[in-house]
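Engineer: Next comes work_14.txt, compact mmCIF, C-alpha atoms:
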# COMPACT_ATOMS: atom_id res chain seq x y z
CA MET H 1 -60.87 -0.77 10.36
CA ALA H 2 -58.59 -3.47 9.07
CA GLY H 3 -61.10 -4.43 6.40
CA GLY H 4 -61.33 -0.81 5.22
CA ALA H 5 -57.56 -0.51 4.92
CA GLU H 6 -57.34 -3.69 2.91
CA ALA H 7 -60.12 -2.46 0.62
CA LYS H 8 -58.16 0.77 -0.02
CA VAL H 9 -55.01 -1.17 -0.86
CA VAL H 10 -56.92 -3.40 -3.29
CA ALA H 11 -58.49 -0.31 -4.88
CA VAL H 12 -55.08 1.33 -5.35
CA ALA H 13 -53.66 -1.87 -6.83
CA ASP H 14 -56.62 -2.14 -9.18
CA GLY H 15 -56.12 1.49 -10.14
CA ASP H 16 -52.43 0.87 -10.93
CA LYS H 17 -53.37 -2.13 -13.05
CA GLY H 18 -55.96 -0.03 -14.81
CA TYR H 19 -53.39 2.65 -15.70
CA PHE H 20 -50.97 -0.03 -16.89
CA ARG H 21 -53.66 -1.62 -19.08
CA GLN H 22 -54.54 1.79 -20.51
CA PHE H 23 -50.87 2.45 -21.29
CA CYS H 24 -50.49 -0.95 -22.99
CA GLU H 25 -53.61 -0.40 -25.05
CA TYR H 26 -52.40 3.07 -26.06
CA MET H 27 -49.03 1.66 -27.14
CA LYS H 28 -50.77 -0.99 -29.21
CA ARG H 29 -53.02 1.56 -30.89
CA ASP H 30 -50.41 4.26 -31.55
CA THR H 31 -47.73 2.09 -33.19
CA LYS H 32 -46.47 4.90 -35.43
CA GLY H 33 -45.71 7.11 -32.43
CA VAL H 34 -43.93 4.25 -30.70
CA GLU H 35 -41.78 3.60 -33.77
CA ILE H 36 -40.86 7.28 -34.09
CA ALA H 37 -39.91 7.45 -30.41
CA ALA H 38 -37.84 4.26 -30.62
CA TYR H 39 -36.03 5.33 -33.80
CA THR H 40 -35.36 8.80 -32.38
CA LEU H 41 -33.90 7.35 -29.19
CA SER H 42 -31.78 4.90 -31.18
CA GLY H 43 -30.52 7.72 -33.41
CA VAL H 44 -29.55 9.89 -30.44
CA LEU H 45 -27.71 6.98 -28.78
CA PHE H 46 -25.90 6.21 -32.07
CA VAL H 47 -24.73 9.83 -32.45
CA ILE H 48 -23.47 9.88 -28.83
CA ALA H 49 -21.64 6.56 -29.31
CA TYR H 50 -20.14 7.68 -32.62
CA LYS H 51 -18.79 10.92 -31.13
CA LYS H 52 -17.38 8.98 -28.17
CA ILE H 53 -15.75 6.10 -30.07
CA ARG H 54 -15.36 7.35 -33.69
CA PRO H 55 -15.45 3.74 -34.95
CA ILE H 56 -14.94 4.48 -38.65
CA THR H 57 -13.00 7.78 -38.64
CA ARG H 58 -9.50 7.56 -40.12
CA PHE H 59 -7.28 10.35 -38.77
CA GLY H 60 -5.33 12.31 -41.40
CA LYS H 61 -4.44 15.49 -39.49
CA PRO H 62 -4.08 16.41 -35.79
CA SER H 63 -7.42 18.24 -35.71
CA ASP H 64 -9.18 14.95 -36.60
CA ILE H 65 -8.30 13.52 -33.18
CA PRO H 66 -11.12 14.22 -30.68
CA ARG H 67 -10.05 16.12 -27.58
CA HIS H 68 -11.46 13.47 -25.24
CA PHE H 69 -9.21 10.89 -26.93
CA ILE H 70 -6.24 13.01 -25.81
CA ARG H 71 -7.56 13.84 -22.35
CA GLU H 72 -8.41 10.20 -21.63
CA GLN H 73 -5.19 8.88 -23.25
CA LEU H 74 -6.97 6.41 -25.54
CA PRO H 75 -4.56 4.24 -27.56
CA GLN H 76 -4.81 4.36 -31.36
CA TYR H 77 -3.45 1.87 -33.87
CA GLY H 78 -1.93 1.98 -37.32
CA ARG H 79 1.04 1.20 -39.54
CA VAL H 80 4.05 3.42 -40.28
CA GLN H 81 4.11 4.06 -44.03
CA LYS H 82 7.39 6.02 -44.06
CA ILE H 83 9.59 8.42 -42.11
CA GLU H 84 9.52 11.99 -43.38
CA PRO H 85 12.42 14.38 -42.60
CA SER H 86 11.53 17.82 -41.24
CA ILE H 87 13.94 20.64 -40.47
CA GLN H 88 11.62 22.33 -37.95
CA SER H 89 10.22 19.35 -36.03
CA GLY H 90 12.62 16.50 -36.78
CA PRO H 91 11.63 13.13 -38.28
CA LEU H 92 7.88 12.53 -38.56
CA LEU H 93 6.20 9.13 -38.69
CA LEU H 94 3.54 9.04 -41.42
CA ILE H 95 1.02 6.63 -39.91
CA LYS H 96 -1.89 5.00 -41.69
CA HIS H 97 -4.38 5.10 -38.84
CA ARG H 98 -6.58 2.02 -38.38
CA PRO H 99 -9.98 2.78 -36.78
CA PRO H 100 -11.96 0.06 -34.93
CA LEU H 101 -14.12 -0.50 -38.04
CA ASN H 102 -11.74 -0.20 -40.97
CA LEU H 103 -14.29 0.39 -43.74
CA THR H 104 -11.87 2.23 -46.08
CA PRO H 105 -8.69 0.09 -46.20
CA TRP H 106 -7.89 1.52 -49.65
CA SER H 107 -7.52 5.08 -48.29
CA SER H 108 -4.01 6.56 -48.61
CA LYS H 109 -4.59 9.15 -45.87
CA THR H 110 -1.73 9.31 -43.32
CA LEU H 111 -1.31 11.11 -39.99
CA PRO H 112 2.03 12.92 -39.33
CA VAL H 113 3.26 11.95 -35.86
CA LYS H 114 6.21 13.24 -33.85
CA VAL H 115 7.65 11.11 -31.06
CA ALA H 116 6.77 13.06 -27.90
CA GLY H 117 9.39 14.73 -25.74
CA VAL H 118 12.52 14.04 -27.77
CA GLU H 119 14.80 15.69 -30.32
CA ILE H 120 15.96 13.05 -32.80
CA ASN H 121 19.34 13.26 -34.55
CA ALA H 122 20.47 11.85 -37.92
CA ASN H 123 21.28 8.42 -36.45
CA GLY H 124 17.81 8.38 -34.92
CA TYR H 125 16.30 9.12 -38.32
CA SER H 126 18.19 6.16 -39.81
CA TRP H 127 17.09 3.95 -36.90
CA LEU H 128 13.44 4.88 -37.45
CA GLN H 129 13.72 4.13 -41.17
CA SER H 130 15.34 0.76 -40.54
CA VAL H 131 13.32 -0.44 -37.52
CA VAL H 132 9.95 1.33 -37.47
CA THR H 133 9.00 1.75 -41.15
CA ASP H 134 6.22 -0.62 -42.30
CA ARG H 135 5.58 -1.78 -38.74
CA SER H 136 2.25 -1.92 -36.88
CA ILE H 137 2.37 0.51 -33.96
CA THR H 138 0.30 1.88 -31.09
CA PHE H 139 0.28 5.64 -30.53
CA ILE H 140 -1.20 7.82 -27.80
CA PRO H 141 -1.59 11.58 -28.48
CA VAL H 142 -0.28 13.69 -25.60
CA LYS H 143 -1.01 17.27 -26.68
CA GLU H 144 -4.16 18.99 -27.92
CA THR H 145 -3.93 20.64 -31.35
CA ASP H 146 -4.99 24.10 -30.13
CA ALA H 147 -2.22 24.08 -27.55
CA SER H 148 0.51 22.95 -29.94
CA GLY H 149 -0.43 24.87 -33.10
CA THR H 150 1.46 22.36 -35.26
CA ASP H 151 0.67 20.28 -38.33
CA TYR H 152 1.63 17.01 -36.62
CA ALA H 153 0.34 15.04 -33.64
CA GLU H 154 2.77 14.64 -30.76
CA CYS H 155 2.44 11.08 -29.45
CA ARG H 156 3.95 8.33 -27.38
CA VAL H 157 4.68 5.51 -29.84
CA TYR H 158 5.05 1.76 -29.18
CA PHE H 159 5.44 -1.41 -31.16
CA TYR H 160 5.62 -5.09 -30.28
CA ASP H 161 8.76 -6.92 -31.37
CA ARG H 162 8.31 -10.68 -31.78
CA SER H 163 11.08 -13.17 -31.09
CA SER H 164 12.56 -15.17 -33.95
CA ASP H 165 10.55 -18.26 -32.97
CA GLY H 166 7.33 -16.20 -32.79
CA LYS H 167 6.48 -17.51 -29.30
CA SER H 168 7.02 -14.29 -27.38
CA SER H 169 6.99 -10.53 -27.91
CA ARG H 170 8.06 -7.44 -26.03
CA LYS H 171 6.74 -3.90 -25.96
CA VAL H 172 9.22 -1.36 -27.33
CA ASP H 173 8.75 2.33 -26.55
CA VAL H 174 10.19 4.21 -29.53
CA GLY H 175 11.07 7.32 -27.49
CA HIS H 176 12.89 5.31 -24.81
CA ALA H 177 14.70 3.21 -27.43
CA LEU H 178 16.01 6.32 -29.22
CA VAL H 179 17.13 7.99 -25.97
CA SER H 180 18.77 4.83 -24.60
CA LEU H 181 20.83 4.46 -27.81
CA GLY H 182 21.88 8.13 -27.74
CA PHE H 183 19.98 8.84 -30.96
CA ALA H 184 17.70 11.41 -29.30
CA LYS H 185 17.66 13.63 -26.25
CA LEU H 186 14.97 15.10 -24.05
CA ASN H 187 13.78 18.51 -25.29
CA VAL H 188 11.06 19.40 -22.77
CA THR H 189 10.97 20.36 -19.09
CA VAL H 190 10.02 17.67 -16.60
CA VAL H 191 7.54 18.84 -13.94
CA PRO H 192 7.88 17.36 -10.41
CA LYS H 193 5.13 14.88 -9.59
CA GLU H 194 3.93 16.79 -6.53
CA LYS H 195 3.17 19.89 -8.63
CA ILE H 196 0.74 18.08 -10.94
CA PRO H 197 -2.99 18.19 -9.99
CA LYS H 198 -4.30 14.70 -9.19
CA HIS H 199 -7.36 15.15 -11.38
CA ASP H 200 -5.30 16.01 -14.50
CA VAL H 201 -4.90 12.52 -16.00
CA LEU H 202 -3.29 13.76 -19.23
CA LYS H 203 -0.58 15.79 -17.51
CA ARG H 204 0.15 13.13 -14.88
CA GLN H 205 0.61 10.36 -17.47
CA THR H 206 2.60 12.59 -19.81
CA GLN H 207 4.93 13.75 -17.06
CA HIS H 208 5.40 10.17 -15.83
CA TYR H 209 6.47 9.28 -19.37
CA LEU H 210 8.89 12.26 -19.48
CA GLN H 211 10.33 11.39 -16.07
CA THR H 212 11.18 7.88 -17.24
CA LEU H 213 12.71 9.39 -20.40
CA ALA H 214 14.88 11.61 -18.20
CA LYS H 215 16.14 8.57 -16.26
CA THR H 216 16.91 6.76 -19.52
CA GLU H 217 18.80 9.81 -20.79
CA SER H 218 20.86 9.94 -17.57
CA ILE H 219 21.95 6.33 -18.14
CA ALA H 220 22.80 7.06 -21.79
CA LYS H 221 24.92 10.03 -20.72
CA ASP H 222 26.75 7.91 -18.15
CA ARG H 223 27.47 5.28 -20.80
CA ARG H 224 28.58 7.97 -23.33
CA VAL H 225 26.53 6.45 -26.14
CA GLY H 226 25.44 8.09 -29.36
CA VAL H 227 25.26 11.88 -29.20
CA TRP H 228 26.84 11.92 -25.71
CA GLN H 229 30.07 10.32 -26.92
CA GLN H 230 31.27 13.62 -28.42
CA SER H 231 29.34 16.18 -26.38
CA LEU H 232 30.57 14.99 -22.95
CA PRO H 233 34.15 14.52 -21.76
CA PRO H 234 35.35 10.89 -21.79
CA LYS H 235 35.15 8.91 -18.55
CA ILE H 236 38.37 8.08 -16.72
CA TRP H 237 39.86 4.78 -17.90
CA PRO H 238 38.96 2.56 -14.87
CA ALA H 239 35.29 3.59 -15.17
CA LEU H 240 35.45 3.17 -18.96
CA VAL H 241 36.91 -0.34 -18.70
CA TRP H 242 34.34 -1.32 -16.07
CA GLN H 243 31.46 0.04 -18.16
CA SER H 244 32.73 -1.78 -21.25
CA ALA H 245 32.94 -5.06 -19.33
CA VAL H 246 29.43 -4.65 -17.93
CA ASP H 247 27.99 -3.82 -21.37
CA SER H 248 29.71 -6.84 -22.89
CA LEU H 249 28.34 -9.12 -20.16
CA VAL H 250 24.82 -7.74 -20.57
CA ARG H 251 24.94 -8.34 -24.34
CA ARG H 252 26.05 -11.93 -23.80
CA VAL H 253 23.33 -12.84 -21.30
CA THR H 254 20.52 -10.94 -23.06
CA PRO H 255 18.81 -12.90 -25.86
CA ALA H 256 19.23 -11.33 -29.29
CA SER H 257 15.44 -10.96 -29.57
CA HIS H 258 15.47 -8.63 -26.52
CA GLN H 259 18.32 -6.39 -27.71
CA LEU H 260 17.56 -3.12 -29.47
CA PRO H 261 18.99 -2.87 -32.98
CA GLU H 262 21.44 -0.01 -32.56
CA LEU H 263 21.72 1.17 -36.15
CA VAL H 264 21.45 -0.36 -39.59
CA ARG H 265 23.72 1.57 -41.91
What do you get writing this file as structure tokens?
Structural biologist:
Amino acid sequence: MAGGAEAKVVAVADGDKGYFRQFCEYMKRDTKGVEIAAYTLSGVLFVIAYKKIRPITRFGKPSDIPRHFIREQLPQYGRVQKIEPSIQSGPLLLIKHRPPLNLTPWSSKTLPVKVAGVEINANGYSWLQSVVTDRSITFIPVKETDASGTDYAECRVYFYDRSSDGKSSRKVDVGHALVSLGFAKLNVTVVPKEKIPKHDVLKRQTQHYLQTLAKTESIAKDRRVGVWQQSLPPKIWPALVWQSAVDSLVRRVTPASHQLPELVR
């Protein structure tokens, strides 16, 4: 009995080897079919990768940005060419988007970008012109085009500010900088964290960003800076003196490279 079982196993193994040899011989004979199959598979994988990554696409309008870039909050990179005034939407950053493979550096196409969640005043416009123009930035779209119906992309915008010695740098959030200086104020409703579905990555990250903006605005109001200096009643003098002393102390102990430029007139 044992010998019969072993014979069956050997026969099966020989059969498997026979099929494998037949397959190898077929592949050797039918080289054209193999090449077609390989090229087809490579083409399909390339198309999938291109749609996922868009390695050479330079964005020039909001509809160019793939929806999964927005849903997955994928950072994009570029340089601010200029700040364009707009009566309806406020200042727009005209960004020369830089794709992963920048094969068309000579292109003059720019993407209009609005800083998400804030309404920027005239001082904010001047600050953007002085500080952000001609600077390399990172931007993350936060709203799909179909939902906004606008001709600009609404984004969170960051840049890295290097120290004078070039040894260190810090990340500056443009929206937070404008709000902290009183050059912009929050213009959207903040949704409580517990009301946001856990699976909605876009909404959770966007609302976290807006919640931190709201905290920054509360501090700016308390300090009566920028737009809040005239729109809110002045603080009583003991609180005003204390706040002035604290601000002066903070400016003295904070390195100049870590202080936000308030306004260049």
Engineer: For range 219-230 of chain H, please output as a list in words all residues within 8 Å (counting only C-alpha atoms; exclusion window: fewer than 5 positions along the same chain).
Structural biologist: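 Once the nearby chain positions are removed, what remains is Val179, Ser180, Leu181, Gly182, Phe183, Ala184 and Gln243 of chain H.
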Engineer: When you count only C-alpha atoms, which of these residues is closest to Asp161 in chain H: H:Glu144, H:Val131, H:Lys185, H:Ser108?
Structural biologist: H:Val131
Engineer: Between H:Ser126, H:Thr206, H:Asn121, H:Thr212, which residue has the minimum interatomic distance to Ile83 in chain H, considering all atoms listed in the file?
Structural biologist: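 Residue with the minimum atom-to-atom distance to Ile83 in chain H: H:Ser126.
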Engineer: Mind pulling up the distance from CA of Pro141 in chain H to CA of Asp200 in chain H?
Structural biologist: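 Computed distance, CA of Asp200 in chain H to CA of Pro141 in chain H, equals 15.1 Å.
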Engineer: Could you jot down the CA of Tyr158 in chain H to CA of Lys198 in chain H separation for me, Å, one decimal place?
Structural biologist: 25.6 Å
Engineer: Neighbouring residues of range 186-191 of chain H were defined as those with any atom within 9 Å, considering all atoms listed in the file; residues of the same chain fewer than 2 positions away were excluded. Please report them as a list in words.
Structural biologist: Gly117, Val118, Glu119, Val179, Ala184, Lys193, Glu194, Lys195, Ile196, Gln207, His208, Leu210, Gln211, Leu213, Ala214 and Glu217 of chain H
Engineer: What is the CA of Leu92 in chain H to CA of Pro112 in chain H distance in Å?
Structural biologist: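 Calculated distance between CA of Leu92 in chain H and CA of Pro112 in chain H is 5.9 Å.
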Engineer: Please tell me which residues are no farther than 12 Å from (-11.9, 1.1, -35.6) in the file, counting all atoms listed in the file, and write them as a PyMOL selection string.
Structural biologist: chain H and resi 50+53-59+75-78+97-105
Engineer: Of the candidates H:His199, H:His176, H:Lys143, H:Lys114, which one gets nearest to Phe159 in chain H if we count all atoms listed in the file?
Structural biologist: H:His176
